[in-house]
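Asker: A single structure is presented below for examination.
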Amino acid sequence: MPRRKKTESAPASPAATPVAAKKKAGRKAVAPLTLSADVAQALVEGRHRDPFAVLGIHRVGRTFAVRAFVPGAASLEVVDAEGAVLATLACTHPYGLFEGALTKRVPYRLRATGGGVTWTSDDAYAFGPVLGPMDDWLIGEGTHANLYDRLGAHVIEHEGVRGVHFAVWAPNAQRVSVVADFNMWDGRRHVMRLRHSTGVWEIFVPGAGEGTCYKYEVVGAAGALLPLKSDPVGFGAEFRPATGSVVRDTSAFAWTDAGWLTERAARDHRRAPMSVYEMHLGSWRRHVDGNWLGYDAIAEQLVPYLVEFGFTHVELMPVHEHPLDASWGYQPIGLFAPTSRFGDPVAFARFVDRCHAAGIGVIIDWVPAHFPVDAHGLAQFDGTALYEHEDPRLGFHPDWNTAIFNFGRREVVNYLIANALFWLDRYHVDGLRVDAVASMLYLDYSRQAGEWLPNHLGGRENLEAVAFLKRLNETVYARHPGAMTIAEESTAWPGVSHPTFNGGLGFGFKWNMGWMHDTLTYMAEDPVHRRWHHDKMTFGLMYAFTENFVLPLSHDEVVHGKGSLLDRMPGDAWQQFAALRAYYAFMWAYPGKKLLFMGQEFAQGREWNFDGQLEWGQLDTGWHKGVQTLVRDCNRWYRAEHALHARDCEADGFRWIVVDDAAHSVYAWARFDGAGRTVVAISNFTPVPRATYRLGLPHGGHWRELLNTDAAIYGGSNTGNAGGVQAEGPPSHGFPCSAAVTLPPLSTVWLVHEG
């Protein structure tokens with residue numbers, strides 16, 4: 001970066017150096033009117049703990065002293081709003097410290113001349129604080145839900161002047177300054193005011209505005225100048241590899257989704273269809289030159305695609321600002337800033353608004369478990385372990401080489417919960433998929449004996465993280481009706497998606513990692529061996545209704561050498577595509593909400609590469625197009641047939657019909673909506689067609705073949721039931737009626753009762 005912010009300390013401006021000062025002909029230090037030499041020296045060296053107590057305008061006896069530090073100025077005048085001179089200040093230090101007297105306190109500006117240039121500006125030290133006692137109270141007790149309205153950088157009008165209010169939490173710092181182009185990245189010029197009761201530093205910089213790039217210069221607890229820090233509550237960020245924060249107004253977007261939010265607030269997500277398209281913004285599609293699409297261009301192409309193929313939600317891998325592309329966003333630095341890779345915050349808001357206009361919900365991956373230790377980020381922010389635990393047995397994650405948030409510190413918990421609310425409030429997102437919940441719940445997660453500390457009860461549970469997660473979910477659901485939280489949690493922790501008043505963690509949903517692992521393991525088996533692994537497909541029903549589950553075929557299943565989902569299907573190409581189609585229809589008829597990672601809807605052949613786009617050219621091949629068409633129809637019928645979604649999370653919506661036919665690798669089950677509608681699904685996971693498979697059915701009469709993965713339109717052999725079957729006697733499988741059903745090879749068939 002060309003600017004100063006890549007270094008650790010600000011160079012003084014030319015007129016502020018001893019050599020430059022000596023060259024100023026006829027200029028010499030004047031004895032201060034009220035300041036001692038030590039105080040003056042501390043000011044010009046940036047060592048003074050409270051410049052607001054000295055600079056600006058202050059009563060001294062019967063007059064008012066005006067003091068200003070303006071490096072580079074040879075002369076300095078106090079002027080009124082019209083430019084009339086109120087006083088000429090004397091230079092009291094050769095590095096740019098000036099002082100003079102006024103007979104009364106009046107609004108003023110500073111007019112400086114130096115190097116043949118004259119400039120006029122407002123004096124930041126003439127303005128009072130923006131934060132108040134209520135902010136101090138709420139921040140101090142860690143309950144400021146709108147923390148993002150007070151910390152960070154906000155364009156405001158203060159005491160009749162337009163500018164930017166900066167505020168940052170750094171309680172152990174000896175000094176914090178905001179540095180930017182407006183002060184030539186000189187940390188001595190805008191030293192902030194410390195609010196002692198909270199450890200928050202603030203300053204109003206008149207004349208600063210939208211788009212200003214800035215950082216914080218921090219002198220740490222030990223007196224050392226730290227690497228420049230980006231804003232922990234920064235709403236915008238520079239394009240990587242630059243690391244500055246950018247002043248952005250996130251409160252003024254003209255939303256058009258009031259109807260969507262009203263409808264969302266009345267929705268019971270547990271009983272509504274939910275088919276999620278997980279995606280990485282940087283690798284879905286790209287320009288022909290290989291560059292990323294922006295938020296607007298992605299929305300223009302993505303939204304119609306999601307509508308056409310029937311998805312209800314899009315889930316974005318982390319959009320928080322992050323320094324490394326290869327982290328996919330899971331090591332974020334700017335939790336409050338949509339990544340600048342794809343545009344500015346307003347463009348991201350347009351993306352969400354456009355999704356809502358088309359009836360698509362937006363879920364974002366949210367990463368509160370850990371953060372990277374890059375020097376410009378949260379790590380050792382004020383020279384101490386502020387956001388993280390000081391003890392590495394609690395504060396460092398060995399898997400990811402990241403710091404772990406200190407969930408026992410109320411200010412940190414406040415920071416994280418306010419961040420969650422920020423995305424729901426300012427960007428209207430519909431849900432937060434909370435990353436790496438398991439790593440938060442257990443103190444010994446990925447640690448050997450001796451590498452972790454038990455809780456005060458002697459156990460391995462991270463009780464502070466548990467309390468944080470409960471409070472997070474209670475707050476989200478109380479303040480944003482209709483929003484949802486989803487836990488990526490891979491253990492047997494009880495009640496992840498149960499209400500907190502019932503002993504649960506309070507999430508709306510939990511990813512069903514066990515189902516994903518078991519079923520993919522089964523599908524990877526050669527069909528001749530599947531009979532010996534029959535329980536892999538049935539075991540999930542032993543616990544399917546203990547949580548509100550999402551069935552995830554996520555990005556984690558198509559990276560790190562695992563190959564694509566198509567790769568994991570055995571046999572020749574025909575069998576691979578047929579098995580994948582059968583598996584998808586099995587999943588869509590299985591209890592639980594659905595999630596599919598981008599590219600798998602058309603059976604991308606290679607595993608996901610974050611550094612390129614999906615292999616869209618494969619859609620020129622019929623089998624790939626067939627899988628895409630099948631996913632469209634699965635979504636269509638999943639949404640249309642209440643029996644396939646209304647009881648996703650309740651046991652009365654499911655009943656096995658055939659659960660023990662391991663010899664033929666056949667499964668059959670019924671789904672009920674509780675209002676008389678019934679859908680039956682049958683899967684045959686061998687390449688052997690079965691022409692007269694006797695199947696018990698809950699009702700007599702006609703059952704229409706709603707979906708058949710072996711249909712020609714999907715790339716199958718077009719074996720089927722000629723549109724449906726007739727259920728008559730004899731009874732079978734515990735049901736009063738039965739029918740002889742044709743089961744195509746490697747297929748799933750759905751039947752819906754029509755009386």
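If you're wondering about the labels, chains in the structure tokens are A, B, ... by order shown, residues count from 1 in each chain, ligands from 1 in order shown.
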Taking the DSSP secondary structure from the backbone, can you list the residues of region 356-401 of chain A that are helix (DSSP H, G or I), as an MDAnalysis selection string?
Answerer: chainID A and resid 356:357 392:395
Asker: Excluding region 70-77 of chain A and any residue of its chain fewer than 6 positions from it, enumerate the residues within 6 Å of it, using only C-alpha atoms, and give them as number ranges by chain.
Answerer: A: 15-16, 87-89, 95-96, 110-114
Asker: Show me, as a PyMOL selection string, the residues that have an atom within 12 Å of Phe501 (chain A) when counting only C-alpha atoms, minus same-chain residues fewer than 6 positions from it.
Answerer: chain A and resi 470-471+473-474+495
Asker: Store the residues picked out above in a file with all heavy atoms, as an mmCIF file, in the first residue's frame.
Answerer:
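Output below, filename selection30.cif:
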```
data_model
loop_
_atom_site.group_PDB
_atom_site.id
_atom_site.type_symbol
_atom_site.label_atom_id
_atom_site.label_comp_id
_atom_site.auth_asym_id
_atom_site.auth_seq_id
_atom_site.Cartn_x
_atom_site.Cartn_y
_atom_site.Cartn_z
ATOM 1 N N LYS A 470 -26.750 -19.428 24.250
ATOM 2 C CA LYS A 470 -28.139 -19.294 24.696
ATOM 3 C C LYS A 470 -28.592 -17.835 24.615
ATOM 4 O O LYS A 470 -29.689 -17.541 24.117
ATOM 5 C CB LYS A 470 -28.278 -19.816 26.126
ATOM 6 C CG LYS A 470 -28.179 -21.330 26.256
ATOM 7 C CD LYS A 470 -28.366 -21.767 27.703
ATOM 8 C CE LYS A 470 -28.365 -23.281 27.829
ATOM 9 N NZ LYS A 470 -28.578 -23.717 29.229
ATOM 10 N N ARG A 471 -27.760 -16.940 25.091
ATOM 11 C CA ARG A 471 -28.125 -15.522 25.054
ATOM 12 C C ARG A 471 -28.232 -15.027 23.617
ATOM 13 O O ARG A 471 -29.138 -14.242 23.280
ATOM 14 C CB ARG A 471 -27.093 -14.703 25.823
ATOM 15 C CG ARG A 471 -27.389 -13.226 25.852
ATOM 16 C CD ARG A 471 -26.385 -12.471 26.679
ATOM 17 N NE ARG A 471 -26.359 -11.059 26.311
ATOM 18 C CZ ARG A 471 -25.430 -10.207 26.693
ATOM 19 N NH1 ARG A 471 -24.435 -10.607 27.472
ATOM 20 N NH2 ARG A 471 -25.476 -8.943 26.308
ATOM 21 N N ASN A 473 -29.156 -16.722 20.931
ATOM 22 C CA ASN A 473 -30.394 -17.180 20.318
ATOM 23 C C ASN A 473 -31.614 -16.502 20.926
ATOM 24 O O ASN A 473 -32.549 -16.127 20.204
ATOM 25 C CB ASN A 473 -30.485 -18.702 20.445
ATOM 26 C CG ASN A 473 -29.512 -19.414 19.526
ATOM 27 O OD1 ASN A 473 -29.424 -19.105 18.342
ATOM 28 N ND2 ASN A 473 -28.761 -20.352 20.064
ATOM 29 N N GLU A 474 -31.610 -16.320 22.226
ATOM 30 C CA GLU A 474 -32.724 -15.609 22.855
ATOM 31 C C GLU A 474 -32.851 -14.194 22.306
ATOM 32 O O GLU A 474 -33.965 -13.720 22.020
ATOM 33 C CB GLU A 474 -32.510 -15.558 24.369
ATOM 34 C CG GLU A 474 -32.662 -16.899 25.064
ATOM 35 C CD GLU A 474 -32.182 -16.876 26.508
ATOM 36 O OE1 GLU A 474 -31.581 -15.856 26.923
ATOM 37 O OE2 GLU A 474 -32.400 -17.870 27.219
ATOM 38 N N GLY A 495 -30.178 -31.141 22.770
ATOM 39 C CA GLY A 495 -31.021 -29.954 22.747
ATOM 40 C C GLY A 495 -30.437 -28.746 22.052
ATOM 41 O O GLY A 495 -30.747 -27.611 22.429
#
```
Asker: Per DSSP on the backbone, what are the strand (DSSP E or B) residues of region 221-277 of chain A, as a PyMOL selection string?
Answerer: chain A and resi 225+229+236-237+245-246+275-277
Asker: What would the file look like if the residues just selected were written as a PDB file, in the first residue's frame with N, CA and C atoms?
Answerer:
```
ATOM      1  N   LEU A 225       4.270   1.050  20.737  1.00  0.00           N
ATOM      2  CA  LEU A 225       3.401   1.385  19.617  1.00  0.00           C
ATOM      3  C   LEU A 225       3.088   0.104  18.856  1.00  0.00           C
ATOM      4  N   LYS A 229      -4.214  -0.805  13.593  1.00  0.00           N
ATOM      5  CA  LYS A 229      -5.347  -1.706  13.719  1.00  0.00           C
ATOM      6  C   LYS A 229      -6.518  -1.242  12.866  1.00  0.00           C
ATOM      7  N   GLY A 236     -16.933  -0.856   6.579  1.00  0.00           N
ATOM      8  CA  GLY A 236     -16.397  -1.051   5.244  1.00  0.00           C
ATOM      9  C   GLY A 236     -14.918  -1.352   5.348  1.00  0.00           C
ATOM     10  N   ALA A 237     -14.357  -1.915   4.288  1.00  0.00           N
ATOM     11  CA  ALA A 237     -12.944  -2.283   4.309  1.00  0.00           C
ATOM     12  C   ALA A 237     -12.346  -2.075   2.933  1.00  0.00           C
ATOM     13  N   SER A 245      -9.787   0.242   7.305  1.00  0.00           N
ATOM     14  CA  SER A 245     -11.242   0.327   7.394  1.00  0.00           C
ATOM     15  C   SER A 245     -11.709   1.533   6.592  1.00  0.00           C
ATOM     16  N   VAL A 246     -12.959   1.497   6.153  1.00  0.00           N
ATOM     17  CA  VAL A 246     -13.512   2.566   5.333  1.00  0.00           C
ATOM     18  C   VAL A 246     -14.828   3.026   5.948  1.00  0.00           C
ATOM     19  N   SER A 275     -35.379 -25.199   1.291  1.00  0.00           N
ATOM     20  CA  SER A 275     -34.386 -25.822   0.423  1.00  0.00           C
ATOM     21  C   SER A 275     -33.310 -24.786   0.144  1.00  0.00           C
ATOM     22  N   VAL A 276     -32.124 -25.009   0.676  1.00  0.00           N
ATOM     23  CA  VAL A 276     -31.076 -23.999   0.734  1.00  0.00           C
ATOM     24  C   VAL A 276     -30.009 -24.288  -0.320  1.00  0.00           C
ATOM     25  N   TYR A 277     -29.641 -23.245  -1.043  1.00  0.00           N
ATOM     26  CA  TYR A 277     -28.552 -23.325  -2.026  1.00  0.00           C
ATOM     27  C   TYR A 277     -27.339 -22.659  -1.397  1.00  0.00           C
TER      28      TYR A 277
END
```
Asker: Excluding same-chain residues fewer than 3 positions from region 475-479 of chain A, what lies within 12 Å of it counting only C-alpha atoms, as a count of residues only?
Answerer: 36
Asker: Per residue of region 495-591 of chain A within 12 Å of region 708-717 of chain A, record the nearest atom pair and its distance in Å to one decimal, counting only C-alpha atoms, with rows in chain order and ascending residue number, as a tab-separated table.
Answerer:
```
residue	atom	partner	partner_atom	distance
A:Ala573	CA	A:Gly715	CA	11.3
A:Trp574	CA	A:Gly716	CA	8.4
A:Gln575	CA	A:Gly716	CA	9.8
A:Gln576	CA	A:Gly716	CA	11.4
A:Phe577	CA	A:Gly715	CA	8.2
A:Ala578	CA	A:Gly716	CA	6.8
A:Ala579	CA	A:Thr709	CA	9.3
A:Leu580	CA	A:Thr709	CA	9.5
A:Arg581	CA	A:Thr709	CA	5.9
A:Ala582	CA	A:Thr709	CA	6.0
A:Tyr583	CA	A:Thr709	CA	9.4
A:Tyr584	CA	A:Thr709	CA	9.0
A:Ala585	CA	A:Thr709	CA	7.2
A:Phe586	CA	A:Thr709	CA	9.9
A:Trp588	CA	A:Thr709	CA	12.0
```
Asker: Using C-alpha atoms, can you write the selected residues to a file as a CSV table (one decimal), in the first residue's frame?
Answerer:
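Result went into out.csv, see below:
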```csv
chain,number,residue,atom,x,y,z
A,573,ALA,CA,-21.0,-43.3,-15.7
A,574,TRP,CA,-24.6,-44.4,-16.1
A,575,GLN,CA,-24.7,-45.9,-12.6
A,576,GLN,CA,-23.0,-42.9,-11.1
A,577,PHE,CA,-25.6,-40.5,-12.4
A,578,ALA,CA,-28.5,-42.8,-11.6
A,579,ALA,CA,-27.2,-43.4,-8.1
A,580,LEU,CA,-26.8,-39.7,-7.5
A,581,ARG,CA,-30.3,-39.0,-8.8
A,582,ALA,CA,-31.7,-41.7,-6.5
A,583,TYR,CA,-29.8,-40.3,-3.5
A,584,TYR,CA,-31.1,-36.7,-4.1
A,585,ALA,CA,-34.7,-37.9,-4.3
A,586,PHE,CA,-34.1,-40.0,-1.1
A,588,TRP,CA,-35.7,-34.6,-0.5
```
Asker: If we count only C-alpha atoms and set the cut-off at 9 Å, which residues sit around Ile404 (chain A), ignoring sequence neighbours fewer than 5 positions away in its own chain? Please answer as a PyMOL selection string.
Answerer: chain A and resi 368-372+387-389+392+394-397+440
Asker: Could you turn the residues from that selection into a file that holds all heavy atoms, as a compact mmCIF listing (two decimals), in the first residue's frame?
Answerer:
```txt
# COMPACT_ATOMS: atom_id res chain seq x y z
N PRO A 368 -18.38 -16.83 14.95
CA PRO A 368 -18.05 -16.27 16.25
C PRO A 368 -17.09 -17.13 17.07
O PRO A 368 -16.78 -16.79 18.22
CB PRO A 368 -19.41 -16.21 16.94
CG PRO A 368 -20.10 -17.45 16.44
CD PRO A 368 -19.62 -17.65 15.01
N ALA A 369 -16.66 -18.26 16.52
CA ALA A 369 -15.87 -19.19 17.31
C ALA A 369 -14.41 -18.78 17.45
O ALA A 369 -13.78 -19.08 18.46
CB ALA A 369 -15.94 -20.60 16.69
N HIS A 370 -13.89 -18.09 16.46
CA HIS A 370 -12.46 -17.81 16.45
C HIS A 370 -12.16 -16.69 15.48
O HIS A 370 -13.01 -16.29 14.68
CB HIS A 370 -11.68 -19.07 16.05
CG HIS A 370 -11.99 -19.55 14.66
ND1 HIS A 370 -11.07 -19.58 13.66
CD2 HIS A 370 -13.15 -19.98 14.08
CE1 HIS A 370 -11.62 -20.05 12.55
NE2 HIS A 370 -12.88 -20.28 12.78
N PHE A 371 -10.93 -16.17 15.53
CA PHE A 371 -10.53 -15.12 14.59
C PHE A 371 -9.03 -15.23 14.34
O PHE A 371 -8.27 -15.71 15.19
CB PHE A 371 -10.91 -13.73 15.12
CG PHE A 371 -10.31 -13.36 16.45
CD1 PHE A 371 -9.07 -12.74 16.55
CD2 PHE A 371 -11.01 -13.63 17.63
CE1 PHE A 371 -8.53 -12.39 17.77
CE2 PHE A 371 -10.48 -13.28 18.87
CZ PHE A 371 -9.23 -12.66 18.94
N PRO A 372 -8.57 -14.78 13.16
CA PRO A 372 -7.15 -14.89 12.83
C PRO A 372 -6.32 -13.90 13.64
O PRO A 372 -6.83 -12.91 14.17
CB PRO A 372 -7.11 -14.56 11.34
CG PRO A 372 -8.30 -13.71 11.10
CD PRO A 372 -9.36 -14.21 12.05
N TYR A 387 -9.87 -9.43 23.24
CA TYR A 387 -10.98 -10.22 22.71
C TYR A 387 -10.77 -11.72 22.93
O TYR A 387 -11.73 -12.48 22.93
CB TYR A 387 -11.14 -9.95 21.21
CG TYR A 387 -11.71 -8.59 20.90
CD1 TYR A 387 -10.89 -7.48 20.75
CD2 TYR A 387 -13.09 -8.40 20.78
CE1 TYR A 387 -11.41 -6.22 20.47
CE2 TYR A 387 -13.62 -7.15 20.50
CZ TYR A 387 -12.78 -6.06 20.35
OH TYR A 387 -13.31 -4.83 20.07
N GLU A 388 -9.54 -12.14 23.10
CA GLU A 388 -9.22 -13.55 23.25
C GLU A 388 -8.82 -13.87 24.69
O GLU A 388 -8.53 -12.98 25.48
CB GLU A 388 -8.07 -13.93 22.31
CG GLU A 388 -6.71 -13.32 22.65
CD GLU A 388 -6.47 -11.96 22.02
OE1 GLU A 388 -7.44 -11.18 21.86
OE2 GLU A 388 -5.30 -11.67 21.71
N HIS A 389 -8.80 -15.15 25.04
CA HIS A 389 -8.26 -15.58 26.32
C HIS A 389 -6.74 -15.41 26.30
O HIS A 389 -6.07 -15.67 25.30
CB HIS A 389 -8.58 -17.06 26.58
CG HIS A 389 -9.97 -17.30 27.06
ND1 HIS A 389 -10.34 -17.14 28.37
CD2 HIS A 389 -11.08 -17.72 26.40
CE1 HIS A 389 -11.63 -17.45 28.50
NE2 HIS A 389 -12.09 -17.80 27.33
N PRO A 392 -3.31 -19.73 26.35
CA PRO A 392 -3.52 -20.41 25.06
C PRO A 392 -4.32 -21.70 25.18
O PRO A 392 -4.88 -22.17 24.19
CB PRO A 392 -2.09 -20.68 24.56
CG PRO A 392 -1.23 -20.61 25.78
CD PRO A 392 -1.89 -19.61 26.69
N LEU A 394 -7.03 -21.91 26.53
CA LEU A 394 -8.40 -21.45 26.34
C LEU A 394 -8.54 -20.53 25.12
O LEU A 394 -9.63 -20.45 24.54
CB LEU A 394 -8.88 -20.69 27.58
CG LEU A 394 -8.99 -21.47 28.89
CD1 LEU A 394 -9.22 -20.53 30.05
CD2 LEU A 394 -10.12 -22.48 28.80
N GLY A 395 -7.47 -19.85 24.75
CA GLY A 395 -7.57 -18.77 23.78
C GLY A 395 -6.94 -19.02 22.43
O GLY A 395 -6.96 -18.12 21.59
N PHE A 396 -6.41 -20.23 22.19
CA PHE A 396 -5.79 -20.48 20.89
C PHE A 396 -6.30 -21.80 20.33
O PHE A 396 -6.36 -22.81 21.04
CB PHE A 396 -4.27 -20.53 21.00
CG PHE A 396 -3.57 -20.59 19.66
CD1 PHE A 396 -3.46 -19.45 18.86
CD2 PHE A 396 -3.05 -21.78 19.19
CE1 PHE A 396 -2.84 -19.50 17.62
CE2 PHE A 396 -2.42 -21.84 17.95
CZ PHE A 396 -2.31 -20.70 17.17
N HIS A 397 -6.67 -21.77 19.04
CA HIS A 397 -7.22 -22.97 18.40
C HIS A 397 -6.12 -23.68 17.61
O HIS A 397 -5.59 -23.13 16.64
CB HIS A 397 -8.37 -22.60 17.46
CG HIS A 397 -9.30 -23.74 17.22
ND1 HIS A 397 -8.89 -24.89 16.59
CD2 HIS A 397 -10.59 -23.94 17.58
CE1 HIS A 397 -9.91 -25.74 16.53
NE2 HIS A 397 -10.95 -25.18 17.13
N MET A 440 -16.81 -24.64 20.06
CA MET A 440 -17.11 -23.69 21.13
C MET A 440 -17.62 -24.41 22.38
O MET A 440 -17.40 -23.94 23.50
CB MET A 440 -18.16 -22.68 20.65
CG MET A 440 -17.74 -21.88 19.43
SD MET A 440 -19.13 -21.01 18.66
CE MET A 440 -19.51 -19.81 19.92
```
Asker: Could you make a table, as a tab-separated table, of the residues of region 358-462 of chain A that have an atom within 7 Å of an atom of region 310-319 of chain A, each with its nearest atom pair and distance in Å to one decimal, counting only C-alpha atoms, in chain and number order?
Answerer:
```
residue	atom	partner	partner_atom	distance
A:Ile360	CA	A:His313	CA	5.1
A:Gly361	CA	A:His313	CA	4.4
A:Val362	CA	A:Val314	CA	5.2
A:Ile363	CA	A:Glu315	CA	4.5
A:Ile364	CA	A:Leu316	CA	4.8
A:Asp365	CA	A:Pro318	CA	4.8
A:Trp366	CA	A:Pro318	CA	6.3
```
Asker: Skip region 132-138 of chain A itself and residues of its chain fewer than 2 positions away, then list as a count of residues only all residues within 10 Å of it, counting only C-alpha atoms.
Answerer: 20
Asker: What lies within 12 Å of Pro345 (chain A) using only C-alpha atoms, ignoring chain neighbours under 5 positions off, as number ranges by chain?
Answerer: A: 210-211, 234-238, 246-253, 294-296, 319-321, 336-340, 350-352, 423, 426-427
Asker: Create the file for the chosen residues now, containing N, CA, C and O atoms and written as a tab-separated table (two decimals), in the first residue's frame.
Answerer:
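The result, written out as result_2.tsv:
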```
chain	number	residue	atom	x	y	z
A	210	GLU	N	-17.95	10.06	4.26
A	210	GLU	CA	-18.12	8.75	3.65
A	210	GLU	C	-16.94	8.44	2.73
A	210	GLU	O	-16.48	9.28	1.97
A	211	GLY	N	-16.46	7.20	2.82
A	211	GLY	CA	-15.36	6.76	1.97
A	211	GLY	C	-13.98	6.99	2.54
A	211	GLY	O	-12.99	6.57	1.95
A	234	GLY	N	-15.73	-1.73	12.12
A	234	GLY	CA	-15.69	-1.03	10.84
A	234	GLY	C	-16.74	-1.57	9.89
A	234	GLY	O	-16.88	-2.79	9.71
A	235	PHE	N	-17.47	-0.68	9.23
A	235	PHE	CA	-18.57	-1.09	8.35
A	235	PHE	C	-18.14	-1.27	6.90
A	235	PHE	O	-18.91	-1.76	6.08
A	236	GLY	N	-16.93	-0.86	6.58
A	236	GLY	CA	-16.40	-1.05	5.24
A	236	GLY	C	-14.92	-1.35	5.35
A	236	GLY	O	-14.28	-1.09	6.37
A	237	ALA	N	-14.36	-1.91	4.29
A	237	ALA	CA	-12.94	-2.28	4.31
A	237	ALA	C	-12.35	-2.08	2.93
A	237	ALA	O	-13.04	-2.13	1.91
A	238	GLU	N	-11.05	-1.85	2.93
A	238	GLU	CA	-10.32	-1.75	1.67
A	238	GLU	C	-10.24	-3.11	1.00
A	238	GLU	O	-10.34	-4.16	1.64
A	246	VAL	N	-12.96	1.50	6.15
A	246	VAL	CA	-13.51	2.57	5.33
A	246	VAL	C	-14.83	3.03	5.95
A	246	VAL	O	-15.67	2.20	6.32
A	247	VAL	N	-14.99	4.34	6.08
A	247	VAL	CA	-16.23	4.90	6.63
A	247	VAL	C	-17.37	4.63	5.66
A	247	VAL	O	-17.32	5.04	4.49
A	248	ARG	N	-18.37	3.90	6.12
A	248	ARG	CA	-19.55	3.59	5.30
A	248	ARG	C	-20.81	3.79	6.14
A	248	ARG	O	-20.87	3.40	7.30
A	249	ASP	N	-21.82	4.38	5.52
A	249	ASP	CA	-23.11	4.56	6.17
A	249	ASP	C	-23.98	3.37	5.81
A	249	ASP	O	-24.32	3.17	4.65
A	250	THR	N	-24.33	2.55	6.80
A	250	THR	CA	-25.14	1.36	6.54
A	250	THR	C	-26.60	1.54	6.96
A	250	THR	O	-27.36	0.57	6.95
A	251	SER	N	-26.98	2.76	7.29
A	251	SER	CA	-28.32	2.97	7.84
A	251	SER	C	-29.29	3.62	6.86
A	251	SER	O	-30.48	3.76	7.19
A	252	ALA	N	-28.83	3.98	5.68
A	252	ALA	CA	-29.67	4.81	4.81
A	252	ALA	C	-30.17	4.10	3.56
A	252	ALA	O	-30.75	4.73	2.68
A	253	PHE	N	-29.99	2.77	3.46
A	253	PHE	CA	-30.43	2.08	2.26
A	253	PHE	C	-31.95	2.09	2.15
A	253	PHE	O	-32.67	1.92	3.13
A	294	GLY	N	-19.49	-8.78	-9.27
A	294	GLY	CA	-19.86	-7.99	-8.11
A	294	GLY	C	-21.20	-8.44	-7.55
A	294	GLY	O	-21.90	-9.27	-8.13
A	295	TYR	N	-21.56	-7.87	-6.40
A	295	TYR	CA	-22.84	-8.22	-5.77
A	295	TYR	C	-24.01	-8.03	-6.73
A	295	TYR	O	-24.92	-8.86	-6.80
A	296	ASP	N	-24.00	-6.94	-7.48
A	296	ASP	CA	-25.12	-6.67	-8.39
A	296	ASP	C	-25.17	-7.68	-9.53
A	296	ASP	O	-26.24	-8.17	-9.88
A	319	VAL	N	-19.42	-13.66	4.34
A	319	VAL	CA	-19.23	-12.42	3.58
A	319	VAL	C	-18.52	-11.36	4.41
A	319	VAL	O	-18.28	-10.25	3.93
A	320	HIS	N	-18.16	-11.67	5.66
A	320	HIS	CA	-17.37	-10.73	6.45
A	320	HIS	C	-16.03	-10.52	5.76
A	320	HIS	O	-15.49	-11.41	5.10
A	321	GLU	N	-15.47	-9.34	5.95
A	321	GLU	CA	-14.16	-9.07	5.34
A	321	GLU	C	-13.11	-10.03	5.91
A	321	GLU	O	-13.08	-10.30	7.12
A	336	PHE	N	-18.10	-6.70	10.80
A	336	PHE	CA	-19.20	-5.80	10.47
A	336	PHE	C	-19.15	-5.32	9.01
A	336	PHE	O	-20.00	-4.52	8.62
A	337	ALA	N	-18.20	-5.78	8.23
A	337	ALA	CA	-18.00	-5.25	6.88
A	337	ALA	C	-18.23	-6.33	5.83
A	337	ALA	O	-17.51	-7.33	5.81
A	338	PRO	N	-19.22	-6.18	4.94
A	338	PRO	CA	-19.30	-7.09	3.80
A	338	PRO	C	-18.01	-6.99	2.98
A	338	PRO	O	-17.51	-5.89	2.76
A	339	THR	N	-17.48	-8.11	2.56
A	339	THR	CA	-16.19	-8.08	1.89
A	339	THR	C	-16.22	-7.17	0.66
A	339	THR	O	-17.16	-7.18	-0.14
A	340	SER	N	-15.16	-6.39	0.53
A	340	SER	CA	-15.05	-5.45	-0.59
A	340	SER	C	-14.69	-6.15	-1.89
A	340	SER	O	-14.63	-5.51	-2.93
A	350	ARG	N	-28.33	-4.23	-1.77
A	350	ARG	CA	-29.14	-4.43	-2.99
A	350	ARG	C	-29.29	-5.91	-3.30
A	350	ARG	O	-30.35	-6.37	-3.75
A	351	PHE	N	-28.22	-6.67	-3.09
A	351	PHE	CA	-28.27	-8.12	-3.32
A	351	PHE	C	-29.36	-8.75	-2.46
A	351	PHE	O	-30.19	-9.53	-2.95
A	352	VAL	N	-29.36	-8.45	-1.17
A	352	VAL	CA	-30.36	-9.03	-0.27
A	352	VAL	C	-31.76	-8.58	-0.66
A	352	VAL	O	-32.70	-9.38	-0.70
A	423	TRP	N	-26.27	-7.74	11.30
A	423	TRP	CA	-26.58	-8.31	9.98
A	423	TRP	C	-28.08	-8.47	9.78
A	423	TRP	O	-28.58	-8.33	8.66
A	426	ARG	N	-29.28	-4.25	9.81
A	426	ARG	CA	-28.84	-3.37	8.74
A	426	ARG	C	-28.93	-4.02	7.36
A	426	ARG	O	-29.12	-3.33	6.35
A	427	TYR	N	-28.80	-5.34	7.28
A	427	TYR	CA	-28.80	-6.00	5.97
A	427	TYR	C	-29.98	-6.95	5.78
A	427	TYR	O	-30.05	-7.62	4.74
```
